>>> print(open('data09.csv').read())   # CSV, C-alpha atoms
chain,number,residue,atom,x,y,z
U,1,MET,CA,-15.4,-6.7,38.6
U,2,LEU,CA,-14.1,-3.5,37.2
U,3,SER,CA,-17.5,-1.9,37.4
U,4,ALA,CA,-17.4,-2.3,41.2
U,5,VAL,CA,-14.3,-0.1,41.3
U,6,LYS,CA,-15.4,3.4,42.5
U,7,GLY,CA,-15.3,6.0,39.7
U,8,PHE,CA,-14.9,3.5,36.8
U,9,CYS,CA,-16.9,4.4,33.8
U,10,PRO,CA,-16.7,1.9,31.0
U,11,VAL,CA,-18.5,4.3,28.5
U,12,LYS,CA,-16.0,7.1,29.1
U,13,SER,CA,-13.0,4.8,28.7
U,14,ARG,CA,-14.5,3.4,25.4
U,15,THR,CA,-14.7,6.8,23.9
U,16,ALA,CA,-11.4,8.1,25.3
U,17,LEU,CA,-9.3,5.3,23.8
U,18,PRO,CA,-10.4,5.8,20.1
U,19,LYS,CA,-9.7,9.5,20.5
U,20,THR,CA,-6.2,8.5,21.7
U,21,LEU,CA,-5.8,6.5,18.4
U,22,TRP,CA,-6.7,9.5,16.4
U,23,ILE,CA,-4.3,11.7,18.3
U,24,LEU,CA,-1.6,9.2,17.8
U,25,ALA,CA,-2.3,9.0,14.1
U,26,ALA,CA,-2.1,12.8,13.9
U,27,ALA,CA,1.1,12.9,15.9
U,28,PHE,CA,2.6,10.2,13.7
U,29,ALA,CA,1.7,12.0,10.5
U,30,LEU,CA,3.0,15.3,11.9
U,31,THR,CA,6.3,13.7,12.9
U,32,ALA,CA,6.6,12.1,9.4
U,33,GLY,CA,5.8,15.5,7.8
U,34,ILE,CA,8.4,17.3,9.8
U,35,THR,CA,11.0,14.7,9.1
U,36,ASP,CA,10.2,14.7,5.4
U,37,PHE,CA,10.5,18.5,5.4
U,38,ARG,CA,13.8,18.5,7.2
U,39,ALA,CA,15.6,15.5,5.7
U,40,ARG,CA,13.5,14.9,2.6
U,41,ARG,CA,12.9,11.3,3.7
U,42,ILE,CA,10.7,9.4,6.2
U,43,PRO,CA,12.9,7.1,8.3
U,44,ASN,CA,12.3,3.4,9.0
U,45,TRP,CA,12.5,4.0,12.7
U,46,LEU,CA,9.2,5.9,12.4
U,47,THR,CA,7.3,3.8,9.9
U,48,TYR,CA,8.3,0.2,10.8
U,49,PRO,CA,6.8,0.1,14.3
U,50,ALA,CA,3.8,2.2,13.5
U,51,ILE,CA,1.7,-0.6,11.8
U,52,PRO,CA,2.1,-3.2,14.5
U,53,ILE,CA,1.5,-0.6,17.2
U,54,ALA,CA,-1.7,0.6,15.5
U,55,ILE,CA,-3.0,-2.9,15.1
U,56,VAL,CA,-2.3,-3.8,18.8
U,57,LEU,CA,-3.9,-0.6,20.0
U,58,HIS,CA,-7.0,-1.3,17.9
U,59,TRP,CA,-7.1,-4.8,19.4
U,60,ILE,CA,-6.8,-3.4,22.9
U,61,VAL,CA,-9.4,-0.7,22.3
U,62,ALA,CA,-12.1,-2.7,20.4
U,63,GLY,CA,-11.0,-6.3,20.1
U,64,GLY,CA,-10.1,-8.6,17.2
U,65,HIS,CA,-12.5,-7.2,14.7
U,66,ALA,CA,-10.9,-3.7,15.1
U,67,ALA,CA,-7.4,-5.2,14.8
U,68,LEU,CA,-8.5,-6.9,11.5
U,69,LEU,CA,-9.8,-3.5,10.2
U,70,SER,CA,-6.5,-1.9,11.2
U,71,LEU,CA,-4.7,-4.6,9.3
U,72,ALA,CA,-7.0,-4.1,6.3
U,73,GLY,CA,-6.3,-0.3,6.4
U,74,ALA,CA,-2.6,-1.0,6.3
U,75,ALA,CA,-2.9,-3.4,3.4
U,76,ILE,CA,-5.1,-0.9,1.4
U,77,GLY,CA,-2.7,1.9,2.0
U,78,LEU,CA,0.3,-0.2,0.9
U,79,THR,CA,-1.5,-1.8,-2.1
U,80,VAL,CA,-2.9,1.5,-3.5
U,81,LEU,CA,0.5,3.2,-3.6
U,82,LEU,CA,2.7,0.2,-4.5
U,83,PRO,CA,2.5,0.8,-8.3
U,84,PHE,CA,3.8,4.3,-7.8
U,85,VAL,CA,6.7,3.0,-5.7
U,86,LEU,CA,7.5,0.4,-8.3
U,87,LEU,CA,7.5,3.0,-11.1
U,88,GLY,CA,9.9,5.2,-9.1
U,89,GLY,CA,7.4,8.0,-8.6
U,90,LEU,CA,7.1,7.6,-4.8
U,91,GLY,CA,9.6,6.7,-2.1
U,92,GLY,CA,9.5,3.7,0.2
U,93,GLY,CA,9.1,6.0,3.2
U,94,ASP,CA,6.0,7.7,1.7
U,95,TRP,CA,4.6,4.2,0.9
U,96,LYS,CA,5.1,2.9,4.5
U,97,LEU,CA,3.7,6.2,5.9
U,98,MET,CA,0.4,5.6,4.1
U,99,GLY,CA,0.3,2.0,5.2
U,100,ALA,CA,0.8,3.1,8.8
U,101,LEU,CA,-1.9,5.7,8.5
U,102,GLY,CA,-4.2,3.0,7.1
U,103,ALA,CA,-3.5,1.0,10.2
U,104,PHE,CA,-4.3,3.9,12.5
U,105,LEU,CA,-7.4,5.1,10.6
U,106,GLU,CA,-8.8,1.8,9.2
U,107,PRO,CA,-10.1,1.6,5.6
U,108,ARG,CA,-13.2,3.8,5.7
U,109,ARG,CA,-11.2,6.7,7.2
U,110,LEU,CA,-8.1,6.1,5.1
U,111,LEU,CA,-9.8,6.8,1.8
U,112,PRO,CA,-10.7,10.4,2.5
U,113,VAL,CA,-7.2,11.0,4.0
U,114,LEU,CA,-5.5,9.4,1.0
U,115,LEU,CA,-7.6,11.4,-1.5
U,116,LEU,CA,-7.0,14.7,0.4
U,117,THR,CA,-3.2,13.8,0.6
U,118,LEU,CA,-3.1,13.3,-3.2
U,119,MET,CA,-5.0,16.6,-3.8
U,120,ILE,CA,-2.7,18.5,-1.5
U,121,ASN,CA,0.4,16.8,-3.0
U,122,GLY,CA,-0.9,17.8,-6.5
U,123,ILE,CA,-1.4,21.4,-5.5
U,124,MET,CA,2.1,21.4,-4.0
U,125,ALA,CA,3.5,20.0,-7.3
U,126,LEU,CA,1.6,22.5,-9.4
U,127,ALA,CA,2.9,25.3,-7.3
U,128,LEU,CA,6.5,24.0,-7.6
U,129,VAL,CA,6.2,23.7,-11.4
U,130,LEU,CA,4.9,27.2,-11.7
U,131,TRP,CA,7.4,28.6,-9.3
U,132,LYS,CA,10.3,26.9,-11.1
U,133,LYS,CA,8.8,27.8,-14.5
U,134,ARG,CA,8.9,24.2,-15.7
U,135,VAL,CA,5.4,23.9,-17.3
U,136,GLY,CA,6.7,22.7,-20.7
U,137,GLN,CA,9.2,20.2,-19.2
U,138,THR,CA,6.5,18.9,-16.9
U,139,ALA,CA,4.1,18.4,-19.7
U,140,ARG,CA,6.7,16.5,-21.7
U,141,ASN,CA,7.5,14.3,-18.6
U,142,VAL,CA,3.8,13.6,-18.0
U,143,GLY,CA,3.5,12.5,-21.7
U,144,ARG,CA,6.5,10.2,-21.3
U,145,ILE,CA,5.2,8.7,-18.1
U,146,THR,CA,1.7,8.1,-19.6
U,147,ALA,CA,3.3,6.5,-22.7
U,148,ALA,CA,5.4,4.2,-20.6
U,149,MET,CA,2.4,3.2,-18.5
U,150,PHE,CA,0.5,2.1,-21.6
U,151,ARG,CA,3.5,0.1,-22.7
U,152,PHE,CA,3.7,-1.4,-19.1
U,153,ARG,CA,7.2,-0.2,-18.7
U,154,ALA,CA,9.0,2.1,-16.2
U,155,PRO,CA,9.3,5.7,-17.6
U,156,GLY,CA,13.1,5.9,-17.3
U,157,SER,CA,15.6,6.7,-14.6
U,158,ASP,CA,15.6,10.4,-15.4
U,159,LEU,CA,11.9,10.5,-14.3
U,160,SER,CA,12.4,8.6,-11.1
U,161,ILE,CA,12.6,10.2,-7.6
U,162,ASP,CA,16.2,8.8,-7.6
U,163,ASN,CA,17.2,11.4,-10.1
U,164,SER,CA,19.2,14.0,-8.0
U,165,GLU,CA,18.4,16.8,-10.5
U,166,ALA,CA,14.6,16.3,-10.3
U,167,GLU,CA,12.4,18.6,-8.3
U,168,LYS,CA,10.6,16.6,-5.6
U,169,VAL,CA,7.4,17.3,-3.6
U,170,PRO,CA,7.6,16.0,-0.1
U,171,PHE,CA,4.6,13.5,0.1
U,172,GLY,CA,5.0,13.3,3.9
U,173,ILE,CA,4.1,17.0,4.3
U,174,ALA,CA,0.9,16.5,2.2
U,175,ALA,CA,0.0,13.4,4.3
U,176,ALA,CA,0.6,15.3,7.5
U,177,ILE,CA,-1.6,18.2,6.4
U,178,ALA,CA,-4.4,15.9,5.2
U,179,THR,CA,-4.3,13.8,8.4
U,180,LEU,CA,-4.4,16.9,10.7
U,181,LEU,CA,-7.2,18.4,8.7
U,182,TYR,CA,-9.2,15.2,8.9
U,183,VAL,CA,-8.7,14.7,12.6
U,184,ALA,CA,-9.4,18.4,13.3
U,185,ALA,CA,-12.7,18.1,11.3
U,186,GLN,CA,-14.0,15.4,13.7
U,187,PRO,CA,-16.9,16.6,15.9
U,188,TRP,CA,-15.1,15.7,19.2
U,189,VAL,CA,-12.2,18.0,18.5
U,190,VAL,CA,-12.5,21.3,20.4
U,191,PHE,CA,-10.0,24.1,19.8
>>> encode(input="data09.csv", output="structure tokens")
Amino acid sequence: MLSAVKGFCPVKSRTALPKTLWILAAAFALTAGITDFRARRIPNWLTYPAIPIAIVLHWIVAGGHAALLSLAGAAIGLTVLLPFVLLGGLGGGDWKLMGALGAFLEPRRLLPVLLLTLMINGIMALALVLWKKRVGQTARNVGRITAAMFRFRAPGSDLSIDNSEAEKVPFGIAAAIATLLYVAAQPWVVF
């Protein structure tokens, strides 16, 4: 019935909608990165609705199978980072951000974005350590964290992100950069 409508092109609409999902994922990540830069937190008003919106959009675009893949992406994003949240090394907003990106990108696209995010975050952390001249203290802290992990214990409140004196690297910025780089590297993106 829709094919009888003049000018309707089902192939064009099938390719335009997934691009819209990618653009929404990039916009979401960019918003989270900007908020994390400004306020040093990623708010719930941004992360809570993102997962159900991504799942519903996948369902609209490609059906139930795509919605299940979106749900799986969210579950993987949340599961992989949960230990870091429980140990106090990562904030809840960062955790929910990666779950939402998993919902937008699905599992096979989430993995490279997550790895790139971790690499960028590591580079940012290394730059901060060198800039603040805290190489020795950081080495001792890494040793304490490693020892605590082998004992299956939290490393201590002084090594948590809740410590107001601790230097913190905004994970949302790294996730935004990684997502934007990944989306920009897709062959359909023209600048």
>>> closest_atom_pairs(input="data09.csv", of="segment 68-93 of chain U", to="segment 55-61 of chain U", cutoff="10 Å", atoms="all atoms listed in the file", output="CSV")
residue,atom,partner,partner_atom,distance
U:Leu68,CA,U:Ile55,CA,7.7
U:Leu69,CA,U:Ile55,CA,8.4
U:Ser70,CA,U:Ile55,CA,5.3
U:Leu71,CA,U:Ile55,CA,6.3
U:Ala72,CA,U:Ile55,CA,9.7
U:Gly73,CA,U:Ile55,CA,9.7
U:Ala74,CA,U:Ile55,CA,9.0
>>> residues_around(input="data09.csv", residues="Leu46 of chain U", least_positions_apart="4", cutoff="10 Å", atoms="all atoms listed in the file", output="list in words")
Phe28, Ala29, Thr31, Ala32, Thr35, Ile42, Ala50, Ile51, Gly93, Lys96, Leu97 and Ala100 of chain U
>>> write_last_selection(input="data09.csv", atoms="C-alpha atoms", output="PDB file, keeping the file's coordinate frame")
ATOM      1  CA  PHE U  28       2.600  10.200  13.700  1.00  0.00           C
ATOM      2  CA  ALA U  29       1.700  12.000  10.500  1.00  0.00           C
ATOM      3  CA  THR U  31       6.300  13.700  12.900  1.00  0.00           C
ATOM      4  CA  ALA U  32       6.600  12.100   9.400  1.00  0.00           C
ATOM      5  CA  THR U  35      11.000  14.700   9.100  1.00  0.00           C
ATOM      6  CA  ILE U  42      10.700   9.400   6.200  1.00  0.00           C
ATOM      7  CA  ALA U  50       3.800   2.200  13.500  1.00  0.00           C
ATOM      8  CA  ILE U  51       1.700  -0.600  11.800  1.00  0.00           C
ATOM      9  CA  GLY U  93       9.100   6.000   3.200  1.00  0.00           C
ATOM     10  CA  LYS U  96       5.100   2.900   4.500  1.00  0.00           C
ATOM     11  CA  LEU U  97       3.700   6.200   5.900  1.00  0.00           C
ATOM     12  CA  ALA U 100       0.800   3.100   8.800  1.00  0.00           C
TER      13      ALA U 100
END
>>> residues_around(input="data09.csv", residues="segment 178-183 of chain U", least_positions_apart="4", cutoff="10 Å", atoms="all atoms listed in the file", output="list in words")
Lys19, Trp22, Ile23, Ala25, Ala26, Ala27, Phe28, Ala29, Leu30, Leu101, Leu105, Arg109, Leu110, Pro112, Val113, Leu114, Leu115, Leu116, Thr117, Leu118, Met119, Ile120, Asn121, Gly172, Ile173, Ala174, Pro187, Trp188 and Val189 of chain U
>>> write_last_selection(input="data09.csv", atoms="C-alpha atoms", output="PDB file, in the coordinates of the input")
ATOM      1  CA  LYS U  19      -9.700   9.500  20.500  1.00  0.00           C
ATOM      2  CA  TRP U  22      -6.700   9.500  16.400  1.00  0.00           C
ATOM      3  CA  ILE U  23      -4.300  11.700  18.300  1.00  0.00           C
ATOM      4  CA  ALA U  25      -2.300   9.000  14.100  1.00  0.00           C
ATOM      5  CA  ALA U  26      -2.100  12.800  13.900  1.00  0.00           C
ATOM      6  CA  ALA U  27       1.100  12.900  15.900  1.00  0.00           C
ATOM      7  CA  PHE U  28       2.600  10.200  13.700  1.00  0.00           C
ATOM      8  CA  ALA U  29       1.700  12.000  10.500  1.00  0.00           C
ATOM      9  CA  LEU U  30       3.000  15.300  11.900  1.00  0.00           C
ATOM     10  CA  LEU U 101      -1.900   5.700   8.500  1.00  0.00           C
ATOM     11  CA  LEU U 105      -7.400   5.100  10.600  1.00  0.00           C
ATOM     12  CA  ARG U 109     -11.200   6.700   7.200  1.00  0.00           C
ATOM     13  CA  LEU U 110      -8.100   6.100   5.100  1.00  0.00           C
ATOM     14  CA  PRO U 112     -10.700  10.400   2.500  1.00  0.00           C
ATOM     15  CA  VAL U 113      -7.200  11.000   4.000  1.00  0.00           C
ATOM     16  CA  LEU U 114      -5.500   9.400   1.000  1.00  0.00           C
ATOM     17  CA  LEU U 115      -7.600  11.400  -1.500  1.00  0.00           C
ATOM     18  CA  LEU U 116      -7.000  14.700   0.400  1.00  0.00           C
ATOM     19  CA  THR U 117      -3.200  13.800   0.600  1.00  0.00           C
ATOM     20  CA  LEU U 118      -3.100  13.300  -3.200  1.00  0.00           C
ATOM     21  CA  MET U 119      -5.000  16.600  -3.800  1.00  0.00           C
ATOM     22  CA  ILE U 120      -2.700  18.500  -1.500  1.00  0.00           C
ATOM     23  CA  ASN U 121       0.400  16.800  -3.000  1.00  0.00           C
ATOM     24  CA  GLY U 172       5.000  13.300   3.900  1.00  0.00           C
ATOM     25  CA  ILE U 173       4.100  17.000   4.300  1.00  0.00           C
ATOM     26  CA  ALA U 174       0.900  16.500   2.200  1.00  0.00           C
ATOM     27  CA  PRO U 187     -16.900  16.600  15.900  1.00  0.00           C
ATOM     28  CA  TRP U 188     -15.100  15.700  19.200  1.00  0.00           C
ATOM     29  CA  VAL U 189     -12.200  18.000  18.500  1.00  0.00           C
TER      30      VAL U 189
END
>>> atom_distance(input="data09.csv", atom1="atom CA of Gly89 of chain U", atom2="atom CA of Pro52 of chain U")
26.2 Å
>>> residues_around(input="data09.csv", residues="segment 122-133 of chain U", least_positions_apart="6", cutoff="9 Å", atoms="only C-alpha atoms", output="PyMOL selection string")
chain U and resi 167-170+174
>>> atom_distance(input="data09.csv", atom1="atom CA of Ala147 of chain U", atom2="atom CA of Leu82 of chain U")
19.3 Å
>>> atom_distance(input="data09.csv", atom1="atom CA of Leu24 of chain U", atom2="atom CA of Gly77 of chain U")
17.4 Å
>>> closest_residue(input="data09.csv", among="U:Arg108, U:Arg151, U:Arg40, U:His65", to="Asp94 of chain U", atoms="all atoms listed in the file")
U:Arg40
